[in-house]
file start00.cif (mmCIF, C-alpha atoms)
data_start
loop_
_atom_site.group_PDB
_atom_site.id
_atom_site.type_symbol
_atom_site.label_atom_id
_atom_site.label_comp_id
_atom_site.auth_asym_id
_atom_site.auth_seq_id
_atom_site.Cartn_x
_atom_site.Cartn_y
_atom_site.Cartn_z
ATOM 1 C CA ASP D 27 -38.018 89.647 61.582
ATOM 2 C CA GLN D 28 -40.133 90.843 64.453
ATOM 3 C CA GLN D 29 -37.851 90.099 67.352
ATOM 4 C CA VAL D 30 -39.174 93.109 69.246
ATOM 5 C CA LYS D 31 -42.847 93.914 69.040
ATOM 6 C CA GLN D 32 -44.902 96.844 70.139
ATOM 7 C CA ASN D 33 -48.464 95.928 69.352
ATOM 8 C CA SER D 34 -50.086 99.227 70.258
ATOM 9 C CA PRO D 35 -49.373 101.883 67.650
ATOM 10 C CA SER D 36 -50.888 104.604 69.793
ATOM 11 C CA LEU D 37 -51.889 105.453 73.340
ATOM 12 C CA SER D 38 -53.796 108.467 74.601
ATOM 13 C CA VAL D 39 -53.646 109.417 78.277
ATOM 14 C CA GLN D 40 -54.827 112.346 80.314
ATOM 15 C CA GLU D 41 -52.223 114.509 82.004
ATOM 16 C CA GLY D 42 -51.435 113.306 85.511
ATOM 17 C CA ARG D 43 -52.480 109.724 84.815
ATOM 18 C CA ILE D 44 -50.244 106.734 84.275
ATOM 19 C CA SER D 45 -49.041 105.791 80.799
ATOM 20 C CA ILE D 46 -48.172 102.149 80.256
ATOM 21 C CA LEU D 47 -46.365 101.220 77.075
ATOM 22 C CA ASN D 48 -45.846 97.574 76.305
ATOM 23 C CA CYS D 49 -43.218 95.610 74.449
ATOM 24 C CA ASP D 50 -42.770 91.908 73.723
ATOM 25 C CA TYR D 51 -39.742 90.096 72.422
ATOM 26 C CA THR D 52 -39.174 86.694 70.931
ATOM 27 C CA ASN D 53 -35.415 86.235 71.177
ATOM 28 C CA SER D 54 -34.609 84.598 74.519
ATOM 29 C CA MET D 55 -30.972 85.628 74.109
ATOM 30 C CA PHE D 56 -31.847 89.283 74.637
ATOM 31 C CA ASP D 57 -30.581 90.326 78.057
ATOM 32 C CA TYR D 58 -30.691 94.093 77.898
ATOM 33 C CA PHE D 59 -33.477 96.395 76.833
ATOM 34 C CA LEU D 60 -33.732 100.075 76.147
ATOM 35 C CA TRP D 61 -36.528 102.553 75.688
ATOM 36 C CA TYR D 62 -36.096 105.458 73.355
ATOM 37 C CA LYS D 63 -38.278 108.496 72.937
ATOM 38 C CA LYS D 64 -38.604 110.284 69.625
ATOM 39 C CA TYR D 65 -40.062 113.678 68.883
ATOM 40 C CA PRO D 66 -40.914 114.672 65.307
ATOM 41 C CA ALA D 67 -37.903 115.769 63.252
ATOM 42 C CA GLU D 68 -35.514 114.461 65.912
ATOM 43 C CA GLY D 69 -33.599 111.258 66.378
ATOM 44 C CA PRO D 70 -34.430 108.695 69.058
ATOM 45 C CA THR D 71 -33.279 109.748 72.520
ATOM 46 C CA PHE D 72 -32.344 107.204 75.142
ATOM 47 C CA LEU D 73 -34.775 107.166 78.026
ATOM 48 C CA ILE D 74 -34.190 104.196 80.305
ATOM 49 C CA SER D 75 -32.791 100.685 80.168
ATOM 50 C CA ILE D 76 -33.013 97.438 82.070
ATOM 51 C CA SER D 77 -30.765 94.437 82.348
ATOM 52 C CA SER D 78 -32.233 90.956 82.520
ATOM 53 C CA ILE D 79 -30.774 90.479 85.983
ATOM 54 C CA LYS D 80 -33.353 92.959 87.216
ATOM 55 C CA ASP D 81 -37.105 93.016 86.966
ATOM 56 C CA LYS D 82 -37.510 96.723 87.554
ATOM 57 C CA ASN D 83 -35.582 99.906 86.935
ATOM 58 C CA GLU D 84 -36.769 103.321 87.982
ATOM 59 C CA ASP D 85 -35.656 106.791 86.963
ATOM 60 C CA GLY D 86 -37.825 109.599 88.202
ATOM 61 C CA ARG D 87 -41.240 109.365 86.580
ATOM 62 C CA PHE D 88 -40.149 106.472 84.368
ATOM 63 C CA THR D 89 -40.111 102.843 85.439
ATOM 64 C CA VAL D 90 -39.428 99.851 83.257
ATOM 65 C CA PHE D 91 -40.598 96.402 84.289
ATOM 66 C CA LEU D 92 -39.254 93.199 82.821
ATOM 67 C CA ASN D 93 -41.012 89.840 82.908
ATOM 68 C CA LYS D 94 -38.517 87.393 81.468
ATOM 69 C CA SER D 95 -40.780 84.362 81.603
ATOM 70 C CA ALA D 96 -43.369 86.189 79.534
ATOM 71 C CA LYS D 97 -40.737 87.912 77.375
ATOM 72 C CA HIS D 98 -42.502 91.149 78.102
ATOM 73 C CA LEU D 99 -41.474 94.573 79.277
ATOM 74 C CA SER D 100 -43.400 97.700 79.986
ATOM 75 C CA LEU D 101 -42.632 101.351 80.490
ATOM 76 C CA HIS D 102 -44.647 103.231 83.073
ATOM 77 C CA ILE D 103 -44.755 107.002 83.119
ATOM 78 C CA VAL D 104 -46.245 108.510 86.243
ATOM 79 C CA PRO D 105 -47.537 111.168 86.228
ATOM 80 C CA SER D 106 -47.817 111.705 82.505
ATOM 81 C CA GLN D 107 -47.173 115.198 81.184
ATOM 82 C CA PRO D 108 -48.013 116.798 77.822
ATOM 83 C CA GLY D 109 -44.279 117.021 77.088
ATOM 84 C CA ASP D 110 -44.154 113.221 77.183
ATOM 85 C CA SER D 111 -46.124 113.131 73.945
ATOM 86 C CA ALA D 112 -43.757 111.366 71.536
ATOM 87 C CA VAL D 113 -43.130 108.026 69.876
ATOM 88 C CA TYR D 114 -41.636 105.473 72.267
ATOM 89 C CA PHE D 115 -39.479 102.673 70.933
ATOM 90 C CA CYS D 116 -38.503 99.537 72.721
ATOM 91 C CA ALA D 117 -35.131 98.147 71.603
ATOM 92 C CA ALA D 118 -32.759 95.319 72.397
ATOM 93 C CA PRO D 119 -29.133 94.829 71.379
ATOM 94 C CA ASP D 120 -28.167 91.585 69.711
ATOM 95 C CA ARG D 121 -25.322 90.234 71.841
ATOM 96 C CA GLY D 122 -24.574 87.788 69.098
ATOM 97 C CA SER D 123 -23.573 90.610 66.801
ATOM 98 C CA THR D 124 -20.165 92.166 67.146
ATOM 99 C CA LEU D 125 -21.259 95.653 68.076
ATOM 100 C CA GLY D 126 -24.706 94.957 69.443
ATOM 101 C CA ARG D 127 -26.954 96.022 66.615
ATOM 102 C CA LEU D 128 -30.276 97.184 68.003
ATOM 103 C CA TYR D 129 -33.591 95.608 67.167
ATOM 104 C CA PHE D 130 -36.438 98.078 67.457
ATOM 105 C CA GLY D 131 -40.142 97.702 67.874
ATOM 106 C CA ARG D 132 -42.417 99.716 65.605
ATOM 107 C CA GLY D 133 -43.013 102.295 68.279
ATOM 108 C CA THR D 134 -46.021 103.575 70.188
ATOM 109 C CA GLN D 135 -47.248 107.118 69.717
ATOM 110 C CA LEU D 136 -48.105 108.470 73.162
ATOM 111 C CA THR D 137 -50.369 111.485 73.351
ATOM 112 C CA VAL D 138 -50.853 113.132 76.735
ATOM 113 C CA TRP D 139 -53.745 115.563 76.751
ATOM 114 C CA PRO D 140 -54.381 118.250 79.351
ATOM 115 C CA GLU L 28 -24.430 117.836 76.245
ATOM 116 C CA PRO L 29 -22.531 116.117 73.438
ATOM 117 C CA GLU L 30 -24.621 115.133 70.476
ATOM 118 C CA VAL L 31 -24.482 113.368 67.146
ATOM 119 C CA THR L 32 -25.055 115.755 64.261
ATOM 120 C CA GLN L 33 -26.223 114.849 60.784
ATOM 121 C CA THR L 34 -26.283 116.808 57.555
ATOM 122 C CA PRO L 35 -28.263 117.554 55.540
ATOM 123 C CA SER L 36 -31.559 117.365 57.398
ATOM 124 C CA HIS L 37 -33.398 116.740 54.147
ATOM 125 C CA GLN L 38 -32.075 115.566 50.805
ATOM 126 C CA VAL L 39 -34.080 115.205 47.627
ATOM 127 C CA THR L 40 -32.434 113.309 44.809
ATOM 128 C CA GLN L 41 -33.354 111.795 41.502
ATOM 129 C CA MET L 42 -33.454 108.055 41.119
ATOM 130 C CA GLY L 43 -30.075 106.737 40.032
ATOM 131 C CA GLN L 44 -28.115 109.574 41.568
ATOM 132 C CA GLU L 45 -25.487 109.157 44.241
ATOM 133 C CA VAL L 46 -26.040 110.647 47.684
ATOM 134 C CA ILE L 47 -23.748 111.054 50.662
ATOM 135 C CA LEU L 48 -25.211 111.425 54.100
ATOM 136 C CA ARG L 49 -22.921 112.895 56.691
ATOM 137 C CA CYS L 50 -22.614 112.390 60.409
ATOM 138 C CA VAL L 51 -20.373 113.715 63.133
ATOM 139 C CA PRO L 52 -20.488 111.242 66.018
ATOM 140 C CA ILE L 53 -19.737 112.149 69.615
ATOM 141 C CA SER L 54 -16.019 112.756 69.789
ATOM 142 C CA ASN L 55 -14.922 110.061 72.246
ATOM 143 C CA HIS L 56 -17.233 107.382 70.879
ATOM 144 C CA LEU L 57 -15.670 104.463 69.087
ATOM 145 C CA TYR L 58 -18.549 102.556 67.546
ATOM 146 C CA PHE L 59 -20.709 103.925 64.784
ATOM 147 C CA TYR L 60 -23.941 102.841 63.196
ATOM 148 C CA TRP L 61 -26.399 103.709 60.487
ATOM 149 C CA TYR L 62 -30.082 102.917 60.853
ATOM 150 C CA ARG L 63 -33.007 103.852 58.697
ATOM 151 C CA GLN L 64 -36.749 104.175 59.114
ATOM 152 C CA ILE L 65 -39.032 103.962 56.145
ATOM 153 C CA LEU L 66 -42.195 105.956 56.773
ATOM 154 C CA GLY L 67 -44.591 103.997 58.952
ATOM 155 C CA GLN L 68 -42.146 101.176 59.571
ATOM 156 C CA LYS L 69 -39.707 100.280 62.303
ATOM 157 C CA VAL L 70 -36.175 101.547 62.694
ATOM 158 C CA GLU L 71 -33.860 99.080 60.946
ATOM 159 C CA PHE L 72 -30.169 98.449 61.359
ATOM 160 C CA LEU L 73 -27.986 99.017 58.298
ATOM 161 C CA VAL L 74 -24.364 98.803 59.338
ATOM 162 C CA SER L 75 -21.948 99.046 62.241
ATOM 163 C CA PHE L 76 -18.412 100.369 62.015
ATOM 164 C CA TYR L 77 -15.413 100.175 64.269
ATOM 165 C CA ASN L 78 -11.712 100.767 63.884
ATOM 166 C CA ASN L 79 -12.148 101.973 60.319
ATOM 167 C CA GLU L 80 -13.936 98.936 59.057
ATOM 168 C CA ILE L 81 -17.400 97.524 58.813
ATOM 169 C CA SER L 82 -18.189 95.271 61.721
ATOM 170 C CA GLU L 83 -21.563 94.045 60.599
ATOM 171 C CA LYS L 84 -24.084 94.841 57.907
ATOM 172 C CA SER L 85 -27.680 93.878 57.398
ATOM 173 C CA GLU L 86 -29.259 92.400 54.311
ATOM 174 C CA ILE L 87 -30.439 95.900 53.406
ATOM 175 C CA PHE L 88 -26.846 97.107 53.109
ATOM 176 C CA ASP L 89 -26.082 95.825 49.634
ATOM 177 C CA ASP L 90 -23.387 96.826 47.158
ATOM 178 C CA GLN L 91 -25.074 100.163 46.553
ATOM 179 C CA PHE L 92 -24.235 101.240 50.096
ATOM 180 C CA SER L 93 -20.862 102.126 51.544
ATOM 181 C CA VAL L 94 -19.599 103.810 54.681
ATOM 182 C CA GLU L 95 -16.476 105.715 55.357
ATOM 183 C CA ARG L 96 -14.754 107.606 58.115
ATOM 184 C CA PRO L 97 -12.635 109.902 55.973
ATOM 185 C CA ASP L 98 -11.138 111.822 58.868
ATOM 186 C CA GLY L 99 -11.224 111.744 62.639
ATOM 187 C CA SER L 100 -14.672 113.228 62.961
ATOM 188 C CA ASN L 101 -16.967 112.495 59.998
ATOM 189 C CA PHE L 102 -18.791 109.257 59.303
ATOM 190 C CA THR L 103 -20.536 109.037 55.953
ATOM 191 C CA LEU L 104 -23.081 106.796 54.290
ATOM 192 C CA LYS L 105 -23.011 106.717 50.501
ATOM 193 C CA ILE L 106 -25.735 105.309 48.303
ATOM 194 C CA ARG L 107 -24.301 104.896 44.823
ATOM 195 C CA SER L 108 -27.410 104.706 42.694
ATOM 196 C CA THR L 109 -30.516 105.598 44.631
ATOM 197 C CA LYS L 110 -33.800 103.800 44.189
ATOM 198 C CA LEU L 111 -37.290 104.952 45.099
ATOM 199 C CA GLU L 112 -37.361 102.460 47.972
ATOM 200 C CA ASP L 113 -34.308 104.114 49.533
ATOM 201 C CA SER L 114 -36.559 106.984 50.585
ATOM 202 C CA ALA L 115 -36.425 106.973 54.383
ATOM 203 C CA MET L 116 -35.100 108.710 57.472
ATOM 204 C CA TYR L 117 -31.479 107.757 57.973
ATOM 205 C CA PHE L 118 -30.108 107.909 61.485
ATOM 206 C CA CYS L 119 -26.494 107.867 62.501
ATOM 207 C CA ALA L 120 -25.670 106.618 65.983
ATOM 208 C CA SER L 121 -22.596 106.225 68.110
ATOM 209 C CA ILE L 122 -21.747 104.349 71.275
ATOM 210 C CA LEU L 123 -18.870 104.615 73.689
ATOM 211 C CA GLU L 124 -18.727 100.867 74.282
ATOM 212 C CA GLY L 125 -19.904 98.571 71.518
ATOM 213 C CA GLY L 126 -22.997 96.602 72.389
ATOM 214 C CA LEU L 127 -22.998 97.662 76.005
ATOM 215 C CA GLY L 128 -24.036 101.261 76.256
ATOM 216 C CA GLU L 129 -26.990 103.098 74.906
ATOM 217 C CA ALA L 130 -26.660 104.463 71.402
ATOM 218 C CA PHE L 131 -26.817 108.206 70.864
ATOM 219 C CA PHE L 132 -28.689 109.086 67.690
ATOM 220 C CA GLY L 133 -28.489 112.050 65.399
ATOM 221 C CA GLN L 134 -31.580 113.944 64.344
ATOM 222 C CA GLY L 135 -31.693 112.092 61.056
ATOM 223 C CA THR L 136 -31.560 112.886 57.359
ATOM 224 C CA ARG L 137 -34.762 112.565 55.431
ATOM 225 C CA LEU L 138 -33.884 111.169 52.019
ATOM 226 C CA THR L 139 -36.491 111.515 49.306
ATOM 227 C CA VAL L 140 -35.806 109.786 46.013
ATOM 228 C CA VAL L 141 -37.956 110.994 43.126
#

call {"tool": "encode", "arguments": {"input": "start00.cif", "output": "structure tokens"}}
result
Amino acid sequence: DQQVKQNSPSLSVQEGRISILNCDYTNSMFDYFLWYKKYPAEGPTFLISISSIKDKNEDGRFTVFLNKSAKHLSLHIVPSQPGDSAVYFCAAPDRGSTLGRLYFGRGTQLTVWP
Amino acid sequence: EPEVTQTPSHQVTQMGQEVILRCVPISNHLYFYWYRQILGQKVEFLVSFYNNEISEKSEIFDDQFSVERPDGSNFTLKIRSTKLEDSAMYFCASILEGGLGEAFFGQGTRLTVV
């Protein structure tokens, strides 16, 4: 089941530029979305989230945009830094499940080069 | 900062052997999860656990899998008779509020079945 999709397996961006990571979902019942960042040999780390009552949430250099009609969200990182190089996962909890199991996309490997 | 810890970081086992993966969730969290990621694939939900019982399990979590919270701190995943296809990164996660807050993940255990 591909309820959350990240169609770009990789993205390469120069330091200082904007990184835009995209995510699509198919389940219209999803009303909350999270982005996780994962470095090699580490577990996913929560980065930022957005509720469906909003269309934008900002936290420092990270902004997530949600377009409910298109079932699309994006994560913007501005300015990008080499330390942002990691795999980014989009995820959504299933409100229909008792404890909100998360559905993950396949992830996008972001590489920020100097 | 509180964190979820997992041991061991890497486990190699022979096919058919039993393995136990261990996790210490964040102390005041109430909801616990196991996820896994087969190399090159997405992170997949295995099981959720609350109040000393399984809340939900995925189709992956068959009779070969079991979870336990033997004391107030540890949360374990047991695979009774490992198969080659069980080779994956296994992540433990915990949440303060089920389905509402972001999940905190451990660094993972890489299980290699030979």

call {"tool": "resolve_selection", "arguments": {"input": "start00.cif", "expression": "the PyMOL selection byres ((chain L) within 12 of (chain D))", "output": "count of residues only"}}
result
56

call {"tool": "resolve_selection", "arguments": {"input": "start00.cif", "expression": "the PyMOL selection byres ((chain L and resi 38-52) around 6)", "output": "number ranges by chain"}}
result
L: 31-34, 37, 53, 100-110, 121, 138-141

call {"tool": "atom_distance", "arguments": {"input": "start00.cif", "atom1": "atom CA of D:Asp57", "atom2": "atom CA of D:Ser111"}}
result
27.9 Å

call {"tool": "resolve_selection", "arguments": {"input": "start00.cif", "expression": "the PyMOL selection byres ((chain D and resi 98) around 8)", "output": "ChimeraX atom specification"}}
result
/D:48-51,92-97,99-100

call {"tool": "residues_around", "arguments": {"input": "start00.cif", "residues": "stretch 101-105 of chain D", "least_positions_apart": "4", "cutoff": "8 Å", "atoms": "all atoms listed in the file", "output": "number ranges by chain"}}
result
D: 41-48, 61, 87-91

call {"tool": "residues_near_point", "arguments": {"input": "start00.cif", "point": "(-9.9, 112.5, 69.0)", "cutoff": "9 Å", "atoms": "all atoms listed in the file", "output": "MDAnalysis selection string"}}
result
chainID L and resid 54:55 99:100

call {"tool": "atom_distance", "arguments": {"input": "start00.cif", "atom1": "atom CA of L:Val94", "atom2": "atom CA of L:Asn79"}}
result
9.5 Å

call {"tool": "atom_distance", "arguments": {"input": "start00.cif", "atom1": "atom CA of D:Glu84", "atom2": "atom CA of D:Gly109"}}
result
19.0 Å

call {"tool": "axis_aligned_box", "arguments": {"input": "start00.cif", "around": "stretch 46-61 of chain D", "padding_each_side": "5 Å", "output": "JSON"}}
result
{"center_x": -39.4, "center_y": 93.6, "center_z": 75.6, "size_x": 27.6, "size_y": 28.0, "size_z": 19.3}

call {"tool": "build_atoms", "arguments": {"input": "start00.cif", "residues": "stretch 61-73 of chain D", "atoms": "N, CA, C and O atoms", "output": "CSV table (one decimal), keeping the file's coordinate frame"}}
result
chain,number,residue,atom,x,y,z
D,61,TRP,N,-35.4,101.8,76.2
D,61,TRP,CA,-36.5,102.6,75.7
D,61,TRP,C,-36.0,103.9,75.2
D,61,TRP,O,-35.2,104.5,75.8
D,62,TYR,N,-36.4,104.2,74.0
D,62,TYR,CA,-36.1,105.5,73.4
D,62,TYR,C,-37.4,106.3,73.1
D,62,TYR,O,-38.4,105.7,72.9
D,63,LYS,N,-37.2,107.6,73.2
D,63,LYS,CA,-38.3,108.5,72.9
D,63,LYS,C,-37.9,109.3,71.7
D,63,LYS,O,-36.7,109.7,71.5
D,64,LYS,N,-38.9,109.5,70.8
D,64,LYS,CA,-38.6,110.3,69.6
D,64,LYS,C,-39.7,111.3,69.4
D,64,LYS,O,-40.9,111.0,69.3
D,65,TYR,N,-39.2,112.6,69.3
D,65,TYR,CA,-40.1,113.7,68.9
D,65,TYR,C,-40.0,113.8,67.4
D,65,TYR,O,-39.0,113.4,66.8
D,66,PRO,N,-41.0,114.4,66.8
D,66,PRO,CA,-40.9,114.7,65.3
D,66,PRO,C,-39.7,115.4,64.9
D,66,PRO,O,-39.2,116.4,65.6
D,67,ALA,N,-39.1,115.1,63.8
D,67,ALA,CA,-37.9,115.8,63.3
D,67,ALA,C,-36.7,115.7,64.2
D,67,ALA,O,-35.7,116.4,64.0
D,68,GLU,N,-36.7,114.7,65.1
D,68,GLU,CA,-35.5,114.5,65.9
D,68,GLU,C,-35.2,113.0,65.9
D,68,GLU,O,-36.0,112.2,65.5
D,69,GLY,N,-34.0,112.7,66.3
D,69,GLY,CA,-33.6,111.3,66.4
D,69,GLY,C,-34.1,110.7,67.7
D,69,GLY,O,-34.5,111.4,68.6
D,70,PRO,N,-34.1,109.3,67.8
D,70,PRO,CA,-34.4,108.7,69.1
D,70,PRO,C,-33.5,109.1,70.2
D,70,PRO,O,-32.3,109.2,70.0
D,71,THR,N,-34.1,109.4,71.3
D,71,THR,CA,-33.3,109.7,72.5
D,71,THR,C,-33.4,108.7,73.6
D,71,THR,O,-34.6,108.3,73.9
D,72,PHE,N,-32.3,108.2,74.1
D,72,PHE,CA,-32.3,107.2,75.1
D,72,PHE,C,-33.1,107.7,76.4
D,72,PHE,O,-32.9,108.8,76.8
D,73,LEU,N,-33.9,106.8,76.9
D,73,LEU,CA,-34.8,107.2,78.0
D,73,LEU,C,-34.4,106.4,79.3
D,73,LEU,O,-34.1,106.9,80.3
